[in-house]
Amino acid sequence: MSEALVRPLRLAAARTRTYVWAAGAVLLLALPFYVDRFWLQAGLFAMAAAIGAIGINLLTGSTGQLSMGHAFFLAVGAYGYCVFAAEGGDGLTGLGLPTWLAAVLAVLVAGLAGGLFSPIAGRLRGAYLGIATLALIFIGQHVLFNARDLTGGFNGRDVPPLSLFGLTFDDRELVVAAVPFGSAEKLWYAGLVLLLGCALFARGVLRGRPGRAMNAIRDHRIAAGVIGVPVARYRAAVFVLSSMYAGLAGVLLALVFQRTVPDYFGITLSLEYLAMIVIGGLGSVSGAVVGAAFVSLLPQLLTRYSDALPLVSAPGTGGIAPGEASRYLYGAAVVAVVLFLPGGLVRVAARRRVRTGPRSNPGEER
């Protein structure tokens, strides 16, 4: 096919993608005006999971460093925000800082925690790094359950609502266009901004020189060092960046939950994040978002519609609990992706675009 015919087709395809993205953006902005609180909270959980999944995808998918301790850094972000923002009048430690500053400091503390671990991350690889990061989960769980002045112990602690530019993201209603906005509606837009910023930053990193260095380290560590890539420095830096992403995801989760509980930040959560990036697509920002939406929304949808689904029932009623059923399903999805879709779900869409795109004749391909 000649270039004169191919170029208009490419322009039409680009214009169509622009329209699709614009329609999706308008839909996301309009959702708080039309859907109930359940769907907004489910979407916020997915946004927080997507931010954390982007972080671990930079580490595992793009740099090849296996991390089993992602939940630890989410806990650092969530509890760090509570400690910095709370007033401390309930017998728990609280510094009473402005909540926006508390959120920033919580992310920095999560990055600092990753920085303290980064010398180990820079020297270990494969299963050895996975086992080392797994130790963070056990250390974190011990601290969360026993440092009661900081964490509240088994019962957790309340999360102060975020205040930014005079707007408090709590359940006090704010009427917008005759629609009452509570905490979920307000946080929805904050979550969209955070997710967009994190995705664009990660995309810029992967498309630039750091991304090429990270991929070189993932594909062949020794060869990357030979061509001049400072392997240990890059691996340590990516670990810090991934920890900061996890800390931000932990802050957003805490704001949505409105209460932090130690049981949530266990090894199961770390395994779920690994499932997210495998299902969505390793090394891809969009794959992290797709995988996070799949894994985080599935148990909530099964819980919502358990009465209408076969074999799934409410906990304690004799059937398969929604949470257990969701683990079966995304466990099966991981196996299916590894066997049949090594590039994850985003590669399916990429292949379809290639197949439906303009084809050149055999002479041109050569």
# chains A, B, ... in the order shown; residues from 1 in each chain; ligands from 1
>>> residues_around(residues="Ala49 (chain A)", least_positions_apart="2", cutoff="9 Å", atoms="only C-alpha atoms", output="ChimeraX atom specification")
/A:44-47,51-54,246,249-250,253,273,276,288-289,292-293,295-296
>>> write_last_selection(atoms="C-alpha atoms", output="PDB file, in the first residue's frame")
ATOM      1  CA  LEU A  44     -10.981   4.619  44.230  1.00  0.00           C
ATOM      2  CA  PHE A  45      -9.652   1.250  45.390  1.00  0.00           C
ATOM      3  CA  ALA A  46      -8.751   0.524  41.770  1.00  0.00           C
ATOM      4  CA  MET A  47      -6.992   3.899  41.432  1.00  0.00           C
ATOM      5  CA  ILE A  51      -0.677   3.644  41.546  1.00  0.00           C
ATOM      6  CA  GLY A  52       0.922   0.882  43.605  1.00  0.00           C
ATOM      7  CA  ALA A  53       0.969  -1.480  40.608  1.00  0.00           C
ATOM      8  CA  ILE A  54       2.749   1.110  38.452  1.00  0.00           C
ATOM      9  CA  ALA A 246       3.564   2.337  47.138  1.00  0.00           C
ATOM     10  CA  ALA A 249      -1.046   4.266  47.136  1.00  0.00           C
ATOM     11  CA  GLY A 250      -1.111   3.594  50.882  1.00  0.00           C
ATOM     12  CA  LEU A 253      -6.137   3.720  50.467  1.00  0.00           C
ATOM     13  CA  TYR A 273       0.193  -6.694  43.353  1.00  0.00           C
ATOM     14  CA  MET A 276      -1.806  -7.295  38.861  1.00  0.00           C
ATOM     15  CA  ALA A 288      -0.372  -2.070  35.525  1.00  0.00           C
ATOM     16  CA  VAL A 289      -3.600  -0.042  35.439  1.00  0.00           C
ATOM     17  CA  ALA A 292      -4.976  -3.380  39.074  1.00  0.00           C
ATOM     18  CA  ALA A 293      -8.550  -2.779  37.941  1.00  0.00           C
ATOM     19  CA  VAL A 295      -7.654  -7.729  40.636  1.00  0.00           C
ATOM     20  CA  SER A 296      -9.071  -4.971  42.863  1.00  0.00           C
TER      21      SER A 296
END
>>> select_by_dssp(residues="region 95-343 of chain A", states="strand (DSSP E)", output="list in words")
Arg157, Asp158, Ser163, Leu164, Leu167, Thr168, Leu174, Val175, Val176, Val179, Pro180, Phe181, Arg259 and Thr260 of chain A
>>> select_by_dssp(residues="region 22-219 of chain A", states="helix (DSSP H, G or I)", output="MDAnalysis selection string")
chainID A and resid 22:33 37:61 70:85 99:121 127:146 148:151 153:155 183:207 209:219
>>> residues_around(residues="Ala103 (chain A)", least_positions_apart="6", cutoff="12 Å", atoms="only C-alpha atoms", output="NGL selection string")
:A and (76-86 or 97 or 109-110 or 159-164 or 244 or 247-255)
>>> write_last_selection(atoms="C-alpha atoms", output="CSV table (one decimal), in the first residue's frame")
chain,number,residue,atom,x,y,z
A,76,VAL,CA,4.4,2.9,55.7
A,77,GLY,CA,2.5,5.4,53.6
A,78,ALA,CA,-0.9,4.8,55.2
A,79,TYR,CA,0.3,4.8,58.8
A,80,GLY,CA,2.8,7.5,58.2
A,81,TYR,CA,0.0,9.8,57.0
A,82,CYS,CA,-2.0,9.0,60.2
A,83,VAL,CA,0.9,9.8,62.5
A,84,PHE,CA,1.8,13.0,60.7
A,85,ALA,CA,-1.8,14.3,60.4
A,86,ALA,CA,-3.5,13.1,63.6
A,97,LEU,CA,0.6,18.6,60.7
A,109,VAL,CA,9.1,8.3,54.5
A,110,ALA,CA,8.1,5.4,52.3
A,159,VAL,CA,-7.5,8.4,59.3
A,160,PRO,CA,-7.8,12.2,59.4
A,161,PRO,CA,-9.5,13.5,56.3
A,162,LEU,CA,-7.4,15.3,53.8
A,163,SER,CA,-7.7,19.1,53.5
A,164,LEU,CA,-6.5,20.9,50.5
A,244,MET,CA,7.3,6.1,46.9
A,247,GLY,CA,3.6,5.0,49.9
A,248,LEU,CA,1.3,7.2,47.8
A,249,ALA,CA,-1.0,4.3,47.1
A,250,GLY,CA,-1.1,3.6,50.9
A,251,VAL,CA,-2.1,7.2,51.6
A,252,LEU,CA,-4.9,7.1,49.1
A,253,LEU,CA,-6.1,3.7,50.5
A,254,ALA,CA,-6.1,5.1,54.0
A,255,LEU,CA,-8.2,8.1,52.9
>>> atom_distance(atom1="CA of Leu124 (chain A)", atom2="CA of Ala236 (chain A)")
10.5 Å
